[in-house]
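So this one's final_33.pdb, PDB, C-alpha atoms, pLDDT in the B column:
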```pdb
ATOM      1  CA  ALA A   1     230.467  42.020  46.354  1.00 79.00           C
ATOM      2  CA  GLN A   2     232.424  43.993  48.945  1.00 80.00           C
ATOM      3  CA  LYS A   3     230.763  47.242  47.966  1.00 77.00           C
ATOM      4  CA  ALA A   4     227.320  45.665  48.121  1.00 80.00           C
ATOM      5  CA  LEU A   5     228.063  44.238  51.564  1.00 81.00           C
ATOM      6  CA  ALA A   6     229.370  47.589  52.801  1.00 79.00           C
ATOM      7  CA  ARG A   7     226.298  49.376  51.435  1.00 78.00           C
ATOM      8  CA  GLU A   8     223.932  46.950  53.157  1.00 79.00           C
ATOM      9  CA  VAL A   9     225.746  47.067  56.508  1.00 82.00           C
ATOM     10  CA  ILE A  10     226.041  50.859  56.597  1.00 78.00           C
ATOM     11  CA  THR A  11     222.451  51.343  55.445  1.00 80.00           C
ATOM     12  CA  PHE A  12     221.191  48.843  58.038  1.00 78.00           C
ATOM     13  CA  LEU A  13     223.165  50.365  60.913  1.00 79.00           C
ATOM     14  CA  HIS A  14     223.106  54.076  60.075  1.00 79.00           C
ATOM     15  CA  GLY A  15     220.610  54.703  57.265  1.00 79.00           C
ATOM     16  CA  SER A  16     220.932  55.537  53.593  1.00 79.00           C
ATOM     17  CA  GLY A  17     221.901  59.168  54.251  1.00 77.00           C
ATOM     18  CA  GLU A  18     225.006  58.112  56.142  1.00 75.00           C
ATOM     19  CA  TYR A  19     225.837  55.601  53.415  1.00 76.00           C
ATOM     20  CA  ASP A  20     225.687  58.332  50.776  1.00 76.00           C
ATOM     21  CA  LYS A  21     227.939  60.546  52.914  1.00 75.00           C
ATOM     22  CA  ALA A  22     230.446  57.721  53.470  1.00 74.00           C
ATOM     23  CA  LEU A  23     230.461  56.887  49.766  1.00 74.00           C
ATOM     24  CA  LYS A  24     231.130  60.506  48.817  1.00 74.00           C
ATOM     25  CA  MET A  25     233.968  60.791  51.343  1.00 72.00           C
ATOM     26  CA  SER A  26     235.653  57.586  50.229  1.00 73.00           C
ATOM     27  CA  GLU A  27     235.429  58.524  46.536  1.00 73.00           C
ATOM     28  CA  VAL A  28     236.906  61.956  47.220  1.00 73.00           C
ATOM     29  CA  LEU A  29     239.711  60.511  49.336  1.00 69.00           C
ATOM     30  CA  PHE A  30     240.680  57.958  46.709  1.00 71.00           C
ATOM     31  CA  SER A  31     240.612  60.570  43.944  1.00 66.00           C
ATOM     32  CA  GLY A  32     242.696  62.942  46.077  1.00 66.00           C
ATOM     33  CA  ASN A  33     240.420  65.941  45.492  1.00 72.00           C
ATOM     34  CA  VAL A  34     239.656  66.864  49.090  1.00 77.00           C
ATOM     35  CA  SER A  35     238.461  70.352  48.149  1.00 74.00           C
ATOM     36  CA  GLU A  36     235.049  68.817  47.342  1.00 74.00           C
ATOM     37  CA  LEU A  37     234.463  68.073  51.033  1.00 81.00           C
ATOM     38  CA  SER A  38     233.313  70.521  53.695  1.00 81.00           C
ATOM     39  CA  ALA A  39     235.521  71.369  56.658  1.00 85.00           C
ATOM     40  CA  ASP A  40     233.414  69.189  58.971  1.00 84.00           C
ATOM     41  CA  GLU A  41     233.667  66.207  56.617  1.00 82.00           C
ATOM     42  CA  ILE A  42     237.429  66.694  56.371  1.00 84.00           C
ATOM     43  CA  GLU A  43     237.807  66.759  60.153  1.00 84.00           C
ATOM     44  CA  LEU A  44     235.763  63.551  60.332  1.00 81.00           C
ATOM     45  CA  CYS A  45     237.765  61.817  57.575  1.00 80.00           C
ATOM     46  CA  PHE A  46     241.170  62.839  58.918  1.00 82.00           C
ATOM     47  CA  LYS A  47     240.447  62.186  62.591  1.00 84.00           C
ATOM     48  CA  GLY A  48     243.591  60.097  63.254  1.00 86.00           C
ATOM     49  CA  VAL A  49     245.921  62.197  61.104  1.00 89.00           C
ATOM     50  CA  PRO A  50     248.582  64.403  62.731  1.00 94.00           C
ATOM     51  CA  ASN A  51     247.180  67.907  63.022  1.00 92.00           C
ATOM     52  CA  PHE A  52     248.380  71.335  64.047  1.00 93.00           C
ATOM     53  CA  GLU A  53     246.985  74.824  64.529  1.00 93.00           C
ATOM     54  CA  ILE A  54     247.718  77.830  62.346  1.00 92.00           C
ATOM     55  CA  THR A  55     247.160  81.055  64.280  1.00 90.00           C
ATOM     56  CA  GLU A  56     248.722  83.590  61.907  1.00 90.00           C
ATOM     57  CA  GLU A  57     249.984  83.905  58.360  1.00 92.00           C
ATOM     58  CA  ILE A  58     253.074  81.801  57.823  1.00 93.00           C
ATOM     59  CA  SER A  59     255.256  80.925  54.872  1.00 94.00           C
ATOM     60  CA  LEU A  60     254.822  77.470  53.383  1.00 94.00           C
ATOM     61  CA  ILE A  61     258.416  76.436  54.153  1.00 95.00           C
ATOM     62  CA  ASP A  62     258.127  77.533  57.798  1.00 95.00           C
ATOM     63  CA  MET A  63     254.806  75.716  58.189  1.00 95.00           C
ATOM     64  CA  LEU A  64     256.289  72.489  56.793  1.00 95.00           C
ATOM     65  CA  VAL A  65     259.328  72.640  59.100  1.00 95.00           C
ATOM     66  CA  ASN A  66     257.622  73.966  62.259  1.00 95.00           C
ATOM     67  CA  ASN A  67     254.976  71.218  62.173  1.00 94.00           C
ATOM     68  CA  ASN A  68     257.375  68.320  61.463  1.00 94.00           C
ATOM     69  CA  ILE A  69     256.046  67.691  57.979  1.00 95.00           C
ATOM     70  CA  CYS A  70     259.613  68.143  56.750  1.00 95.00           C
ATOM     71  CA  SER A  71     262.715  67.870  58.900  1.00 95.00           C
ATOM     72  CA  SER A  72     264.515  70.918  57.463  1.00 95.00           C
ATOM     73  CA  ARG A  73     264.106  73.834  55.100  1.00 95.00           C
ATOM     74  CA  ARG A  74     266.327  72.041  52.577  1.00 96.00           C
ATOM     75  CA  GLU A  75     264.136  68.939  52.681  1.00 96.00           C
ATOM     76  CA  ALA A  76     261.012  71.098  52.325  1.00 95.00           C
ATOM     77  CA  ARG A  77     262.460  72.707  49.177  1.00 95.00           C
ATOM     78  CA  GLU A  78     263.327  69.260  47.783  1.00 96.00           C
ATOM     79  CA  PHE A  79     259.758  68.031  48.332  1.00 96.00           C
ATOM     80  CA  LEU A  80     258.360  71.180  46.710  1.00 95.00           C
ATOM     81  CA  ASN A  81     260.687  70.892  43.690  1.00 95.00           C
ATOM     82  CA  SER A  82     259.741  67.236  43.179  1.00 96.00           C
ATOM     83  CA  ASN A  83     255.966  67.983  43.342  1.00 95.00           C
ATOM     84  CA  ALA A  84     255.610  65.901  46.511  1.00 95.00           C
ATOM     85  CA  ILE A  85     253.626  68.482  48.512  1.00 95.00           C
ATOM     86  CA  SER A  86     249.977  69.167  47.870  1.00 92.00           C
ATOM     87  CA  ILE A  87     247.566  71.409  49.719  1.00 92.00           C
ATOM     88  CA  ASN A  88     243.852  70.639  49.501  1.00 89.00           C
ATOM     89  CA  GLY A  89     244.507  68.321  46.562  1.00 86.00           C
ATOM     90  CA  ASN A  90     246.555  70.824  44.533  1.00 90.00           C
ATOM     91  CA  ILE A  91     250.283  70.307  43.978  1.00 93.00           C
ATOM     92  CA  VAL A  92     252.302  73.206  45.369  1.00 93.00           C
ATOM     93  CA  THR A  93     255.752  74.229  44.125  1.00 92.00           C
ATOM     94  CA  ASP A  94     255.996  77.872  45.249  1.00 92.00           C
ATOM     95  CA  GLU A  95     258.174  78.009  48.341  1.00 87.00           C
ATOM     96  CA  ASN A  96     257.213  81.670  48.888  1.00 90.00           C
ATOM     97  CA  MET A  97     253.526  80.811  49.253  1.00 93.00           C
ATOM     98  CA  VAL A  98     251.832  82.271  52.328  1.00 93.00           C
ATOM     99  CA  ILE A  99     249.508  80.031  54.317  1.00 92.00           C
ATOM    100  CA  ASN A 100     246.409  81.797  55.647  1.00 88.00           C
ATOM    101  CA  SER A 101     242.665  81.321  55.901  1.00 86.00           C
ATOM    102  CA  ASN A 102     242.151  82.319  52.249  1.00 87.00           C
ATOM    103  CA  ILE A 103     243.470  78.960  51.007  1.00 89.00           C
ATOM    104  CA  ALA A 104     241.687  76.932  53.681  1.00 88.00           C
ATOM    105  CA  ILE A 105     238.553  74.947  52.997  1.00 87.00           C
ATOM    106  CA  ASP A 106     235.635  76.871  54.542  1.00 88.00           C
ATOM    107  CA  ASN A 107     238.352  79.140  56.055  1.00 87.00           C
ATOM    108  CA  LYS A 108     238.897  76.393  58.665  1.00 91.00           C
ATOM    109  CA  VAL A 109     241.149  73.525  57.518  1.00 91.00           C
ATOM    110  CA  ILE A 110     244.067  72.793  55.228  1.00 92.00           C
ATOM    111  CA  VAL A 111     244.905  69.238  54.148  1.00 91.00           C
ATOM    112  CA  ILE A 112     248.595  68.766  53.407  1.00 92.00           C
ATOM    113  CA  ARG A 113     249.808  65.624  51.675  1.00 92.00           C
ATOM    114  CA  ARG A 114     253.497  64.763  51.536  1.00 94.00           C
ATOM    115  CA  GLY A 115     254.282  62.060  49.039  1.00 91.00           C
ATOM    116  CA  LYS A 116     251.575  59.524  48.360  1.00 87.00           C
ATOM    117  CA  LYS A 117     250.399  58.511  51.806  1.00 85.00           C
ATOM    118  CA  LYS A 118     251.379  61.020  54.501  1.00 91.00           C
ATOM    119  CA  TYR A 119     248.591  63.405  55.413  1.00 90.00           C
ATOM    120  CA  PHE A 120     248.552  66.322  57.850  1.00 94.00           C
ATOM    121  CA  LEU A 121     245.681  68.558  58.874  1.00 93.00           C
ATOM    122  CA  GLY A 122     246.152  72.278  59.561  1.00 93.00           C
ATOM    123  CA  ILE A 123     243.389  73.918  61.554  1.00 92.00           C
ATOM    124  CA  ILE A 124     243.017  77.684  61.194  1.00 90.00           C
ATOM    125  CA  LYS A 125     242.406  79.450  64.506  1.00 86.00           C
TER     126      LYS A 125
END
```
structure tokens encoding of this file:
Amino acid sequence: AQKALAREVITFLHGSGEYDKALKMSEVLFSGNVSELSADEIELCFKGVPNFEITEEISLIDMLVNNNICSSRREAREFLNSNAISINGNIVTDENMVINSNIAIDNKVIVIRRGKKKYFLGIIK
């Protein structure tokens, strides 16, 4: 009933195209596979999420600490070893990983998830 109500309201207010886009985004977010979205859709979905800019290549550990995703290098290693860090929906365990535009979605954004509910958005400049 809730889904039918949401479909009718969104379709009435914004049209069926916007409903299809909203449905796709919500399904992707609940499945955790954000790599299926475009960079623009990700920026729209994660509008209120803490974000930061990445201007040059940086190691994963330094990125996590410098942008307050983890409070220390030790904590960052603990999160990585316990599979609590994912980038663009993929669990990351390699602390020597280099963050650059090659791993970004559309060479623009990186979605970092720490634990189950904490999301951060890295914007490549």
Residues within 6 Å of segment 38-41 of chain A, only C-alpha atoms, excluding chain neighbours under 2 positions, as JSON, numbers by chain: {"A": [43, 44, 105, 106]}
Contact residues around Gly89 of chain A with all atoms listed in the file at 9 Å, ignoring same-chain residues under 5 positions, as a PyMOL selection string: chain A and resi 32-35+111-113
Residue IDs satisfying the PyMOL selection byres ((chain A and resi 73-79) around 9), as a list of chain:residue names: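 That selection, the PyMOL selection byres ((chain A and resi 73-79) around 9), comes back as A:Leu60, A:Ile61, A:Asp62, A:Leu64, A:Val65, A:Ile69, A:Cys70, A:Ser71, A:Ser72, A:Leu80, A:Asn81, A:Ser82, A:Asn83, A:Ala84, A:Ile85, A:Thr93, A:Glu95, A:Arg114, A:Gly115.
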Selected residue of minimal separation from Lys118 of chain A among A:Val49, A:Ile10, A:Ala22, A:Leu5, counting all atoms listed in the file: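 Of the candidates, the smallest distance to Lys118 of chain A is held by A:Val49.
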Atom-to-atom span, atom CA of Asn67 of chain A and atom CA of Asp94 of chain A, Å: 18.2 Å
Counting all atoms listed in the file, the option among A:Leu13, A:Ile87, A:Ala104, A:Leu37 closest to Ile123 of chain A: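 Smallest separation from Ile123 of chain A among the options: A:Ala104.
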